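Peer 1: To start, I am sharing the structure in question, which I have written as structure tokens.
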Amino acid sequence: MATFLLEIGSEELPADFVRLALPQLERLVQADLTEQRLPFTGLRVLGSPRRLAVLVEGLPDRQSDLTEERKGPPASQAFADGQPTAAAVGFAGRCGVDPADLVVRETPRGPFTFATVRQAGLPTADVLPTLVPGWIGGLQGRRFMRWGSGDCRFPRPVRWLVALLDDAVLPVALADADPPVQAGRLSRGHRLGTPELSLATAAAYGEALAAAGVTVDRHARAEAIRGAVDGMARRLQATPDLPQDLFDELVDLVEAPLPIEGEIAPEALALPAEVLCTVMRSHQRYVPYYRSGAAVDPLALEAGEVLLPRFLCIGNGRPEAQELVRLGNERVLRARLADAAFFVATDRAVASIDRREQLARVTFAEGLGSLRDRVDRLEWCTDVLLEALAIDGADADHARRAAHLCKHDLVSQMVGEFPELQGVMGGKYLLAEGEPRAVALAVQEHYRPRGAGDGLPATVPGAVLALAERLELLLSIFARGERPSGSSDPYALRRAGNGLLQILWDKGWRPDLQAILRRGGQHWTAAVTDTPQTATTLTGDLEEFLRQRLVSLLEEGGHDPDIVQALAGQGLPLQRILGDPTDVLERAELLSDLRRSDRLAQVQAVVQRAARLADQAELPAGVLGPDGLIDTDRFEKPSEASMLAVLQRLEPLARASGDRSYTALAEALAESAGTLAGFFDGEGSVLVMCDDLAVRSNRLRLLAILRQQASVLADFTALAG
């Protein structure tokens, strides 16, 4: 059994490419080896900033033989008087067999000629070189490039290839690279150490790279970095500020992790903790540490006792240079933090209300005026939401004041240098100027959630302003005629729609979102933008967009797709969906609970059966009770009276569902499932479509009322099963 090594060596690769390319490479190699009949016992994909590698163990010397049966001409054309015809001879020649070896077998279309073809497997050393270019060319990622005059595409120029089958070099080449790259056994160690490294065998790859200062196994680098981060945290009794995206980047930035502890200048702790951490994480790729158990004030203008004056840097240098690297990193950090201190001081010299007026000089988007104009629209949206949510008093006053000032920091020096601090610095500056804490918190919170997994606004003014911010963005960009398409969503409208619904769900608020959208559509088309769209078109597009966002969020939340379609599927009344999105969430959770407890299926079976027949009933929409519609004198079986009793019991529960009494209605339906099923089956069942038209109509109305009562919960016809 043989071991195969492929190493693709390049200039420094983007960190995210290494992480994303490794699973791609594994899938490509595994699929091709399986297709080429080359079984293996082990497959590892490895990578560092300057290389991607594949190590396949337990390969056979050659492919397994291929045996397949091929179908030829009909027997009547292949043989005449027991002798092969020209058709049979030609078929046998194409298959590489003797005509005497052809056999005749019966098929659904009559007797046909068949040939058994055996193809000897090729040596593994001949097959692998034909696969490698496809693996390299099959990798996908961002920011691919060409170099020189060649046509080879890769994130960075490919500089060397290693292709070994045990100790033999395979003839692999990238002929379309410039210059062409021919595989050999020469790899390269750490860029500050071994310039070239000759590999004796494929199996010795990891050991040889480790001796040359390279940890080529990405998982091993990740464990080493995590161990260093957690070890420093335990020693300092602190909590590392290490988001997953920064951790992933650190793993793929270095070939041999070298943890280096550094110190923050004491005077820098006068800056807000968010500023210190942003500079360290985003600009320097350091890991800051918070004191364990320290309460972080989101509006504090100083780090104070919250942040430790220590950080961890993951270096890629030589261990003997560790002290020099530490001093260099501390010097760079001091300069960065000195800049940040200057920006904060400059910002605080200007009142936030004055910065608000400076927003008039910054264009928001073509046809939508300036950022100052956007703030005016945000204030309008805030007033509409406060009215729809029936919020008044101090919360309403704070929300309006926060809306007035929420974008002032966009023209501040600090946010200009660190855009990720928008909202954060705005709230801190406002509190320092004497604005109420609730106003400052609302300004900070109105950007939440910034993305998947981010926290939601905690305060009422913050949540109202966050809703207003997303509502304004959706109305403004849709009014311009722009819509998200495929992977293109430059204004993050999908994220805005998700955030709007998540905030409503989190707060349990129940505004009529459809009415708000229609009011906004009228206002935008009349007073905000020069758009050829009518208010009806704008509102209709937004309603459908938010319906799709609601469907997506429910499915991401773990609800079965058919349950989601039964509640928010295309074709259902939008008022039923957007009139109260929180109501849709509650019904989704209820139906999912019923399914998990195996109580949904029995109700579903009866209601779906009723719905199929109920289409033939003449019944006004929205009717939830049998009074005046059912003639008891037409009853012929006890099951009809039992069905009527069930409908009378369900009617008040269906009408009360406006007060969220869905659980009682669902439980009553489940408890009545046996009685309802008896209407169709069993000793006392009825034939709904009987010959007596009056009796038939009476029975159809019973079923139609049941369907409309059940539709208060969901469109049961959309449920699977």
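For the structure tokens, the naming scheme is as follows: chains receive sequential letters (A, B, ...) according to their order of presentation, residues are indexed from 1 within each chain, and ligands are indexed from 1 in presentation order.
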If we count only C-alpha atoms, what is near region 675-692 of chain A at a cut-off of 12 Å, once residues fewer than 2 positions away on the same chain are taken out, given as a PyMOL selection string?

Peer 2: chain A and resi 602-610+612-614+616-617+634-647+668-673+694-703+706-707

Peer 1: Which residues come within 9 Å of region 351-360 of chain A, counting only C-alpha atoms, excluding same-chain residues fewer than 6 positions away, as number ranges by chain?

Peer 2: A: 369-373, 375, 404-412, 426, 429-430, 433

Peer 1: So which residues touch Asp151 (chain A) within 9 Å, counting only C-alpha atoms, skipping near sequence neighbours fewer than 4 positions away, as an mmCIF file with N, CA and C atoms, in the first residue's frame?

Peer 2:
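Written file, part_7.cif:
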```
data_model
loop_
_atom_site.group_PDB
_atom_site.id
_atom_site.type_symbol
_atom_site.label_atom_id
_atom_site.label_comp_id
_atom_site.auth_asym_id
_atom_site.auth_seq_id
_atom_site.Cartn_x
_atom_site.Cartn_y
_atom_site.Cartn_z
ATOM 1 N N ARG A 146 -4.533 36.063 -11.701
ATOM 2 C CA ARG A 146 -3.586 35.500 -12.661
ATOM 3 C C ARG A 146 -2.276 36.261 -12.502
ATOM 4 N N TRP A 147 -1.179 35.625 -12.822
ATOM 5 C CA TRP A 147 0.108 36.302 -12.690
ATOM 6 C C TRP A 147 0.938 36.016 -13.942
ATOM 7 N N ASP A 176 -0.020 26.016 -17.355
ATOM 8 C CA ASP A 176 -0.591 27.326 -17.649
ATOM 9 C C ASP A 176 -0.175 28.386 -16.631
ATOM 10 N N ALA A 177 0.727 28.038 -15.709
ATOM 11 C CA ALA A 177 1.294 29.042 -14.800
ATOM 12 C C ALA A 177 2.458 29.742 -15.500
ATOM 13 N N ASP A 178 2.814 30.916 -14.998
ATOM 14 C CA ASP A 178 3.942 31.662 -15.577
ATOM 15 C C ASP A 178 4.888 32.076 -14.448
#
```

Peer 1: Excluding Arg51 (chain A) and residues on its chain fewer than 2 positions from it, collect all residues at most 8 Å away from it, counting only C-alpha atoms, and give them as a list in words.

Peer 2: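 What passes the distance filter is Glu7, Ile8, Gly9, Ser10, Leu13, Gly47, Ser48, Pro49 and Ala53 of chain A.
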
Peer 1: Quick one: pick out all alpha helix (DSSP H) residues within region 328-416 of chain A from a backbone DSSP run and write them as a ChimeraX atom specification.

Peer 2: /A:328-348,352-358,371-388,393-405,413-416

Peer 1: For Arg109 (chain A), list every protein, DNA or RNA residue within 12 Å, evaluated using only C-alpha atoms, and leave out those in the same chain fewer than 5 positions away; present the list as a PDB file with C-alpha atoms, in the first residue's frame.

Peer 2:
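What ended up in part21.pdb:
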```pdb
ATOM      1  CA  PRO A  73     -28.439  -4.441 -31.106  1.00  0.00           C
ATOM      2  CA  PRO A  74     -31.589  -6.581 -30.958  1.00  0.00           C
ATOM      3  CA  ALA A  75     -30.950 -10.289 -31.344  1.00  0.00           C
TER       4      ALA A  75
END
```

Peer 1: Would you return as a count of residues only the members of region 224-440 of chain A that DSSP assigns to strand (DSSP E) on this structure's backbone?

Peer 2: 24

Peer 1: State, in Å with one decimal place, the distance from CA of Asp252 (chain A) to CA of Ala21 (chain A).

Peer 2: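 Going from CA of Asp252 (chain A) over to CA of Ala21 (chain A) covers 11.6 Å.
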
Peer 1: Find, counting only C-alpha atoms, the residue in A:Ile705, A:Val439, A:Leu504, A:Leu475 that gets nearest to Leu368 (chain A).

Peer 2: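 Selected residue with least distance to Leu368 (chain A): A:Leu475.
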
Peer 1: Report as a ChimeraX atom specification all protein, DNA and RNA residues lying within 12 Å of Pro179 (chain A), evaluated on only C-alpha atoms, omitting residues in the same chain fewer than 4 positions from it.

Peer 2: /A:146-152,157-160,173-175

Peer 1: Hey, can you spit out that residue selection with C-alpha atoms as a PDB file, in the first residue's frame?

Peer 2:
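The resulting selection.pdb:
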```pdb
ATOM      1  CA  ARG A 146      -3.586  35.500 -12.661  1.00  0.00           C
ATOM      2  CA  TRP A 147       0.108  36.302 -12.690  1.00  0.00           C
ATOM      3  CA  GLY A 148       2.627  36.781 -15.447  1.00  0.00           C
ATOM      4  CA  SER A 149       1.268  35.910 -18.868  1.00  0.00           C
ATOM      5  CA  GLY A 150      -0.202  32.552 -17.800  1.00  0.00           C
ATOM      6  CA  ASP A 151      -3.852  31.537 -17.457  1.00  0.00           C
ATOM      7  CA  CYS A 152      -3.540  29.739 -14.104  1.00  0.00           C
ATOM      8  CA  PRO A 157       0.975  32.801  -7.465  1.00  0.00           C
ATOM      9  CA  VAL A 158       1.831  29.095  -7.225  1.00  0.00           C
ATOM     10  CA  ARG A 159       5.608  28.783  -6.727  1.00  0.00           C
ATOM     11  CA  TRP A 160       6.204  25.064  -6.171  1.00  0.00           C
ATOM     12  CA  ALA A 173       2.833  20.131 -13.880  1.00  0.00           C
ATOM     13  CA  LEU A 174       0.937  23.411 -14.023  1.00  0.00           C
ATOM     14  CA  ALA A 175       1.731  24.280 -17.611  1.00  0.00           C
TER      15      ALA A 175
END
```

Peer 1: Work out how far apart CA of Leu22 (chain A) and CA of Pro171 (chain A) are and give it in Å to one decimal.

Peer 2: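 Between CA of Leu22 (chain A) and CA of Pro171 (chain A) the gap works out to 23.4 Å.
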
Peer 1: Please provide as a ChimeraX atom specification all residues within 9 Å of Val296 (chain A), with the sequence filter that same-chain residues fewer than 4 positions apart are discarded (counting only C-alpha atoms).

Peer 2: /A:273,300,303,306

Peer 1: So how far away is CA of Phe40 (chain A) from CA of Val127 (chain A), in Å?

Peer 2: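 Here the two named atoms are 14.2 Å from each other.
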
Peer 1: For Thr201 (chain A), which residue out of A:Ala2, A:Arg94, A:Ala321, A:Leu389 is the nearest one, using only C-alpha atoms?

Peer 2: A:Ala2
